[in-house]
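For reference, start_1.json is printed below; it contains JSON, C-alpha atoms.
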[["chain", "number", "residue", "atom", "x", "y", "z"],
["A", 24, "ASN", "CA", 117.53, 145.38, -9.02],
["A", 25, "ALA", "CA", 121.03, 146.76, -8.86],
["A", 26, "GLY", "CA", 122.88, 147.20, -12.11],
["A", 27, "VAL", "CA", 126.27, 145.83, -13.01],
["A", 28, "MET", "CA", 128.76, 146.77, -10.32],
["A", 29, "GLN", "CA", 132.45, 147.26, -10.86],
["A", 30, "ASN", "CA", 135.12, 148.03, -8.33],
["A", 31, "PRO", "CA", 137.27, 149.80, -7.82],
["A", 32, "ARG", "CA", 136.18, 152.68, -10.03],
["A", 33, "HIS", "CA", 139.73, 153.99, -10.16],
["A", 34, "LEU", "CA", 142.91, 152.01, -9.65],
["A", 35, "VAL", "CA", 146.46, 153.28, -9.68],
["A", 36, "ARG", "CA", 149.31, 150.79, -9.93],
["A", 37, "ARG", "CA", 153.04, 151.12, -10.39],
["A", 38, "ARG", "CA", 154.72, 149.24, -13.21],
["A", 39, "GLY", "CA", 155.24, 145.62, -12.22],
["A", 40, "GLN", "CA", 152.38, 145.44, -9.72],
["A", 41, "GLU", "CA", 149.24, 143.40, -10.09],
["A", 42, "ALA", "CA", 145.80, 144.81, -10.83],
["A", 43, "ARG", "CA", 142.56, 143.06, -9.87],
["A", 44, "LEU", "CA", 139.32, 144.34, -11.31],
["A", 45, "ARG", "CA", 135.99, 143.05, -10.05],
["A", 46, "CYS", "CA", 132.64, 142.81, -11.74],
["A", 47, "SER", "CA", 129.35, 141.77, -10.15],
["A", 48, "PRO", "CA", 126.76, 141.12, -12.87],
["A", 49, "MET", "CA", 123.11, 142.01, -12.58],
["A", 50, "LYS", "CA", 121.05, 139.61, -10.49],
["A", 51, "GLY", "CA", 120.10, 136.59, -12.55],
["A", 52, "HIS", "CA", 122.78, 137.19, -15.18],
["A", 53, "SER", "CA", 125.22, 134.36, -15.73],
["A", 54, "HIS", "CA", 127.14, 135.73, -18.72],
["A", 55, "VAL", "CA", 129.92, 138.28, -18.32],
["A", 56, "TYR", "CA", 131.98, 140.10, -20.94],
["A", 57, "TRP", "CA", 135.08, 142.20, -20.36],
["A", 58, "TYR", "CA", 136.11, 145.04, -22.67],
["A", 59, "ARG", "CA", 139.01, 147.48, -22.74],
["A", 60, "GLN", "CA", 138.66, 151.06, -23.90],
["A", 61, "LEU", "CA", 141.76, 153.03, -24.68],
["A", 62, "PRO", "CA", 141.51, 156.85, -24.78],
["A", 63, "GLU", "CA", 139.58, 158.05, -27.81],
["A", 64, "GLU", "CA", 139.01, 154.50, -29.00],
["A", 65, "GLY", "CA", 136.12, 152.09, -29.06],
["A", 66, "LEU", "CA", 135.63, 149.06, -26.90],
["A", 67, "LYS", "CA", 137.75, 146.03, -27.62],
["A", 68, "PHE", "CA", 136.41, 142.63, -26.63],
["A", 69, "MET", "CA", 138.66, 140.76, -24.24],
["A", 70, "VAL", "CA", 136.89, 137.74, -22.78],
["A", 71, "TYR", "CA", 133.47, 136.12, -22.41],
["A", 72, "LEU", "CA", 132.72, 134.01, -19.36],
["A", 73, "GLN", "CA", 129.91, 132.03, -17.88],
["A", 74, "LYS", "CA", 129.87, 130.75, -14.34],
["A", 75, "GLU", "CA", 133.05, 128.68, -13.85],
["A", 76, "ASN", "CA", 133.79, 128.65, -17.58],
["A", 77, "ILE", "CA", 135.79, 130.76, -20.00],
["A", 78, "ILE", "CA", 133.80, 130.66, -23.23],
["A", 79, "ASP", "CA", 135.90, 132.92, -25.45],
["A", 80, "GLU", "CA", 139.16, 134.58, -24.55],
["A", 81, "SER", "CA", 140.24, 135.43, -28.08],
["A", 82, "GLY", "CA", 140.62, 139.12, -27.19],
["A", 83, "MET", "CA", 142.84, 138.60, -24.18],
["A", 84, "PRO", "CA", 146.58, 139.21, -24.44],
["A", 85, "LYS", "CA", 148.35, 135.88, -24.18],
["A", 86, "GLU", "CA", 150.50, 136.89, -21.23],
["A", 87, "ARG", "CA", 149.85, 138.64, -17.92],
["A", 88, "PHE", "CA", 146.04, 138.76, -18.35],
["A", 89, "SER", "CA", 143.60, 136.26, -16.88],
["A", 90, "ALA", "CA", 139.92, 136.19, -16.02],
["A", 91, "GLU", "CA", 137.61, 134.07, -13.94],
["A", 92, "PHE", "CA", 133.96, 133.92, -12.97],
["A", 93, "PRO", "CA", 133.61, 131.59, -9.99],
["A", 94, "LYS", "CA", 130.47, 129.88, -8.88],
["A", 95, "GLU", "CA", 130.18, 132.34, -6.02],
["A", 96, "GLY", "CA", 131.35, 135.93, -6.10],
["A", 97, "PRO", "CA", 132.25, 138.43, -8.76],
["A", 98, "SER", "CA", 134.12, 137.99, -11.99],
["A", 99, "ILE", "CA", 137.77, 138.99, -11.71],
["A", 100, "LEU", "CA", 140.03, 140.38, -14.42],
["A", 101, "ARG", "CA", 143.61, 140.07, -13.30],
["A", 102, "ILE", "CA", 146.58, 141.83, -14.86],
["A", 103, "GLN", "CA", 149.98, 140.79, -13.62],
["A", 104, "GLN", "CA", 153.12, 142.91, -13.87],
["A", 105, "VAL", "CA", 151.27, 145.90, -15.27],
["A", 106, "VAL", "CA", 152.90, 148.17, -17.83],
["A", 107, "ARG", "CA", 152.01, 151.72, -18.87],
["A", 108, "GLY", "CA", 150.24, 150.41, -21.96],
["A", 109, "ASP", "CA", 147.69, 148.68, -19.71],
["A", 110, "SER", "CA", 146.32, 152.08, -18.66],
["A", 111, "ALA", "CA", 142.75, 152.12, -19.91],
["A", 112, "ALA", "CA", 139.14, 151.88, -18.86],
["A", 113, "TYR", "CA", 137.98, 148.32, -18.36],
["A", 114, "PHE", "CA", 134.27, 147.66, -18.71],
["A", 115, "CYS", "CA", 132.29, 144.65, -17.71],
["A", 116, "ALA", "CA", 128.93, 143.79, -19.23],
["A", 117, "SER", "CA", 126.45, 141.10, -18.30],
["A", 118, "SER", "CA", 123.49, 139.38, -19.89],
["A", 119, "PRO", "CA", 121.11, 136.66, -18.74],
["A", 120, "GLY", "CA", 122.04, 134.37, -21.60],
["A", 121, "GLN", "CA", 122.89, 134.15, -25.27],
["A", 122, "SER", "CA", 119.26, 134.43, -26.26],
["A", 123, "SER", "CA", 119.20, 137.89, -24.74],
["A", 124, "TYR", "CA", 120.68, 140.39, -27.12],
["A", 125, "GLU", "CA", 121.37, 143.42, -24.95],
["A", 126, "GLN", "CA", 124.36, 143.73, -22.72],
["A", 127, "TYR", "CA", 124.22, 145.76, -19.56],
["A", 128, "PHE", "CA", 127.38, 147.64, -18.78],
["A", 129, "GLY", "CA", 129.02, 148.55, -15.51],
["A", 130, "PRO", "CA", 130.51, 152.00, -14.89],
["A", 131, "GLY", "CA", 134.03, 150.75, -15.60],
["A", 132, "THR", "CA", 137.34, 150.69, -13.79],
["A", 133, "ARG", "CA", 139.90, 153.24, -14.84],
["A", 134, "LEU", "CA", 143.37, 151.77, -14.46],
["A", 135, "THR", "CA", 146.34, 154.09, -14.40],
["A", 136, "VAL", "CA", 149.82, 152.63, -14.42],
["A", 137, "THR", "CA", 152.52, 154.99, -13.24],
["B", 26, "ALA", "CA", 136.69, 140.24, -41.48],
["B", 27, "GLN", "CA", 133.56, 141.26, -39.63],
["B", 28, "SER", "CA", 133.59, 144.89, -38.64],
["B", 29, "VAL", "CA", 131.71, 148.04, -37.77],
["B", 30, "ALA", "CA", 132.66, 151.48, -39.03],
["B", 31, "GLN", "CA", 131.67, 154.86, -37.69],
["B", 32, "PRO", "CA", 133.14, 157.23, -40.26],
["B", 33, "GLU", "CA", 132.75, 160.42, -38.22],
["B", 34, "ASP", "CA", 134.81, 161.06, -35.10],
["B", 35, "GLN", "CA", 132.59, 163.99, -34.19],
["B", 36, "VAL", "CA", 129.25, 165.38, -35.24],
["B", 37, "ASN", "CA", 128.14, 168.90, -34.34],
["B", 38, "VAL", "CA", 124.52, 169.92, -34.56],
["B", 39, "ALA", "CA", 122.50, 172.86, -33.34],
["B", 40, "GLU", "CA", 119.88, 172.27, -30.67],
["B", 41, "GLY", "CA", 116.51, 171.63, -32.23],
["B", 42, "ASN", "CA", 117.95, 170.40, -35.52],
["B", 43, "PRO", "CA", 117.78, 166.79, -36.66],
["B", 44, "LEU", "CA", 120.84, 164.67, -36.05],
["B", 45, "THR", "CA", 122.32, 161.64, -37.77],
["B", 46, "VAL", "CA", 125.20, 159.49, -36.54],
["B", 47, "LYS", "CA", 126.43, 157.08, -39.19],
["B", 48, "CYS", "CA", 127.28, 153.41, -38.90],
["B", 49, "THR", "CA", 128.11, 150.80, -41.52],
["B", 50, "TYR", "CA", 128.83, 147.15, -40.96],
["B", 51, "SER", "CA", 130.40, 144.17, -42.64],
["B", 52, "VAL", "CA", 129.23, 140.79, -41.35],
["B", 53, "SER", "CA", 128.35, 137.42, -42.77],
["B", 54, "GLY", "CA", 124.75, 136.39, -42.32],
["B", 55, "ASN", "CA", 121.99, 138.48, -40.83],
["B", 56, "PRO", "CA", 123.29, 141.26, -38.62],
["B", 57, "TYR", "CA", 122.15, 142.01, -35.11],
["B", 58, "LEU", "CA", 122.85, 145.71, -34.67],
["B", 59, "PHE", "CA", 122.94, 147.95, -31.61],
["B", 60, "TRP", "CA", 123.46, 151.54, -30.55],
["B", 61, "TYR", "CA", 124.86, 152.49, -27.17],
["B", 62, "VAL", "CA", 125.52, 155.89, -25.61],
["B", 63, "GLN", "CA", 128.32, 156.73, -23.18],
["B", 64, "TYR", "CA", 128.31, 159.79, -20.96],
["B", 65, "PRO", "CA", 131.58, 161.01, -19.39],
["B", 66, "ASN", "CA", 133.04, 158.61, -16.85],
["B", 67, "ARG", "CA", 130.10, 156.24, -17.21],
["B", 68, "GLY", "CA", 129.48, 152.85, -18.73],
["B", 69, "LEU", "CA", 127.59, 152.32, -21.94],
["B", 70, "GLN", "CA", 123.82, 152.55, -21.96],
["B", 71, "PHE", "CA", 121.72, 150.60, -24.43],
["B", 72, "LEU", "CA", 119.68, 152.77, -26.82],
["B", 73, "LEU", "CA", 118.15, 150.42, -29.36],
["B", 74, "LYS", "CA", 118.66, 147.29, -31.40],
["B", 75, "TYR", "CA", 117.72, 145.76, -34.74],
["B", 76, "ILE", "CA", 117.22, 142.02, -34.84],
["B", 77, "THR", "CA", 114.58, 141.49, -37.50],
["B", 78, "GLY", "CA", 111.37, 143.05, -38.77],
["B", 79, "ASP", "CA", 110.70, 146.72, -39.41],
["B", 80, "ASN", "CA", 113.74, 148.54, -40.74],
["B", 81, "LEU", "CA", 112.99, 151.60, -38.60],
["B", 82, "VAL", "CA", 113.73, 150.89, -34.96],
["B", 83, "LYS", "CA", 112.68, 153.21, -32.16],
["B", 84, "GLY", "CA", 114.65, 153.40, -28.95],
["B", 85, "SER", "CA", 115.23, 155.38, -25.79],
["B", 86, "TYR", "CA", 115.23, 159.18, -25.45],
["B", 87, "GLY", "CA", 113.56, 159.75, -28.82],
["B", 88, "PHE", "CA", 116.30, 158.09, -30.86],
["B", 89, "GLU", "CA", 115.63, 155.85, -33.79],
["B", 90, "ALA", "CA", 117.77, 153.99, -36.31],
["B", 91, "GLU", "CA", 117.19, 152.81, -39.84],
["B", 92, "PHE", "CA", 118.50, 149.46, -41.01],
["B", 93, "ASN", "CA", 119.43, 149.50, -44.69],
["B", 94, "LYS", "CA", 120.50, 146.11, -45.95],
["B", 95, "SER", "CA", 121.56, 147.21, -49.41],
["B", 96, "GLN", "CA", 123.82, 149.91, -48.02],
["B", 97, "THR", "CA", 124.83, 147.82, -44.99],
["B", 98, "SER", "CA", 124.10, 150.78, -42.77],
["B", 99, "PHE", "CA", 122.40, 151.40, -39.44],
["B", 100, "HIS", "CA", 122.39, 155.17, -38.94],
["B", 101, "LEU", "CA", 121.18, 156.65, -35.66],
["B", 102, "LYS", "CA", 118.75, 159.56, -35.93],
["B", 103, "LYS", "CA", 116.77, 161.98, -33.85],
["B", 104, "PRO", "CA", 114.35, 164.56, -35.24],
["B", 105, "SER", "CA", 115.25, 167.32, -32.77],
["B", 106, "ALA", "CA", 118.55, 167.32, -30.88],
["B", 107, "LEU", "CA", 118.90, 168.37, -27.24],
["B", 108, "VAL", "CA", 122.03, 169.71, -25.56],
["B", 109, "SER", "CA", 121.73, 166.78, -23.16],
["B", 110, "ASP", "CA", 122.20, 164.38, -26.09],
["B", 111, "SER", "CA", 125.87, 165.40, -26.22],
["B", 112, "ALA", "CA", 127.78, 162.19, -25.57],
["B", 113, "LEU", "CA", 129.80, 159.43, -27.21],
["B", 114, "TYR", "CA", 127.77, 157.04, -29.36],
["B", 115, "PHE", "CA", 128.80, 153.51, -30.26],
["B", 116, "CYS", "CA", 127.42, 151.26, -32.92],
["B", 117, "ALA", "CA", 127.87, 147.51, -32.37],
["B", 118, "VAL", "CA", 127.14, 144.27, -34.16],
["B", 119, "ARG", "CA", 126.68, 140.84, -32.64],
["B", 120, "VAL", "CA", 128.55, 138.17, -34.53],
["B", 121, "HIS", "CA", 128.87, 134.45, -34.20],
["B", 122, "SER", "CA", 132.30, 132.89, -34.62],
["B", 123, "GLY", "CA", 132.22, 129.89, -32.39],
["B", 124, "THR", "CA", 130.49, 131.92, -29.73],
["B", 125, "TYR", "CA", 128.52, 135.13, -29.78],
["B", 126, "LYS", "CA", 130.48, 138.32, -29.31],
["B", 127, "TYR", "CA", 129.99, 141.99, -29.97],
["B", 128, "ILE", "CA", 132.12, 144.19, -32.18],
["B", 129, "PHE", "CA", 132.01, 147.90, -31.43],
["B", 130, "GLY", "CA", 132.74, 150.84, -33.66],
["B", 131, "THR", "CA", 135.26, 153.44, -32.60],
["B", 132, "GLY", "CA", 132.56, 155.82, -31.46],
["B", 133, "THR", "CA", 131.23, 159.18, -32.62],
["B", 134, "ARG", "CA", 131.22, 162.17, -30.32],
["B", 135, "LEU", "CA", 128.00, 164.12, -30.68],
["B", 136, "LYS", "CA", 128.07, 167.76, -29.68],
["B", 137, "VAL", "CA", 124.77, 169.59, -29.58],
["B", 138, "LEU", "CA", 125.22, 173.35, -29.51],
["B", 139, "ALA", "CA", 122.77, 175.60, -27.72]]
Could you spell out this file's structure in structure tokens?
Amino acid sequence: NAGVMQNPRHLVRRRGQEARLRCSPMKGHSHVYWYRQLPEEGLKFMVYLQKENIIDESGMPKERFSAEFPKEGPSILRIQQVVRGDSAAYFCASSPGQSSYEQYFGPGTRLTVT
Amino acid sequence: AQSVAQPEDQVNVAEGNPLTVKCTYSVSGNPYLFWYVQYPNRGLQFLLKYITGDNLVKGSYGFEAEFNKSQTSFHLKKPSALVSDSALYFCAVRVHSGTYKYIFGTGTRLKVLA
């Protein structure tokens, strides 16, 4: 059973471009969480999704950021018109449901905005 | 506000000595508490959790944690540290505010010296 997959592992974008980060949860998991980790800081919750639904996006910046988890395919975190402050590691975690307490993390995508 | 605090940015310990990584929390209701470990350029790995029951929780790689309700603490411990334990450790609490989400501490870097 493959773990949580994230791609790309490293992404370089110029200011103003768009960044698309993908997350494939573990098989059988229908809940996905996205976190951002700035250098030397902890993880900050961004968004919680189930298949075709955004459950909680209270941690997402109001502009430029969006997330989806379609019925088929990976979850996508999309950042439009990236700025240098978006440079960070973005982690995805999945779980089979709310009754399951552990989250299983992917290896992360390191976004660098130049 | 619900929060998790890891008061030490870094902990240094000699190999073979016991180690403690501190965590305190502030949540309403009964806390669900977790420890995760992060190795360089990797995602977080689950170590252990406290949901209910025995205050001493045993986890992976010989780690354990003690839940102390009166002190609102959940310190991570290991009787004998290994150099390979050197990593970044995160304490987290699961909270419910509309939906379930996880709040992470800022992390403590553990350095085990040979």
Can you work out which residues from chain A touch chain B at a cut-off of 7 Å (counting all atoms listed in the file) and hand them back as a ChimeraX atom specification?
/A:64-66,79,128-131
* **For CA of His52 (chain A) and CA of Leu134 (chain A), the interatomic separation in Å (one decimal)** =>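 It comes out at 25.2 Å.
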Please report, as AutoDock Vina command-line options, the centre and edge lengths in Å to one decimal of an axis-aligned box covering all listed atoms of region 101-107 of chain B with 3 Å per side.
--center_x 117.8 --center_y 162.5 --center_z -31.6 --size_x 12.8 --size_y 17.7 --size_z 14.7
Inset, instruction - Record the distance separating CA of Leu61 (chain A) and CA of Arg37 (chain A), expressed in Å with one decimal. - result: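 Computing the Euclidean distance for CA of Leu61 (chain A) and CA of Arg37 (chain A) yields 18.3 Å.
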Here CA of Glu89 (chain B) and CA of Val108 (chain B) stand apart by 17.3 Å
Q.
as a PyMOL selection string, please: the residues near Lys47 (chain B) (cut-off 12 Å, only C-alpha atoms, same-chain neighbours under 2 positions excluded).
A. chain B and resi 29-36+44-45+49-50+60+90-93+96-102+114-117+130-135
| query | Between A:Pro97, A:Pro62, A:Pro31, A:Gly82, which one has atoms that come closest to Ser47 (chain A), using all atoms listed in the file? | reply |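 Nearest to Ser47 (chain A): A:Pro97.
When all atoms listed in the file are used to compute distances to Gln126 (chain A), the closest of the residues A:Pro93, A:Gly26, A:Gly39, A:Pro84 turns out to be A:Gly26.
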Let me make sure I understand: among A:Lys74, A:Ala25, A:Lys67, A:Pro119, which one has the smallest atom-to-atom distance to Gly96 (chain A) if we use all atoms listed in the file?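 Result for the nearest residue to Gly96 (chain A): A:Lys74.
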Min atom-atom distance to Ser105 (chain B) from the set B:Gly78, B:Gly54, B:Gly41, B:Gly87, counting only C-alpha atoms, belongs to B:Gly41
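Of the residues listed (B:His121, B:Glu40, B:Cys48, B:Phe88), B:Glu40 shows the shortest atom-to-atom separation from Ser109 (chain B); distances use all atoms listed in the file.
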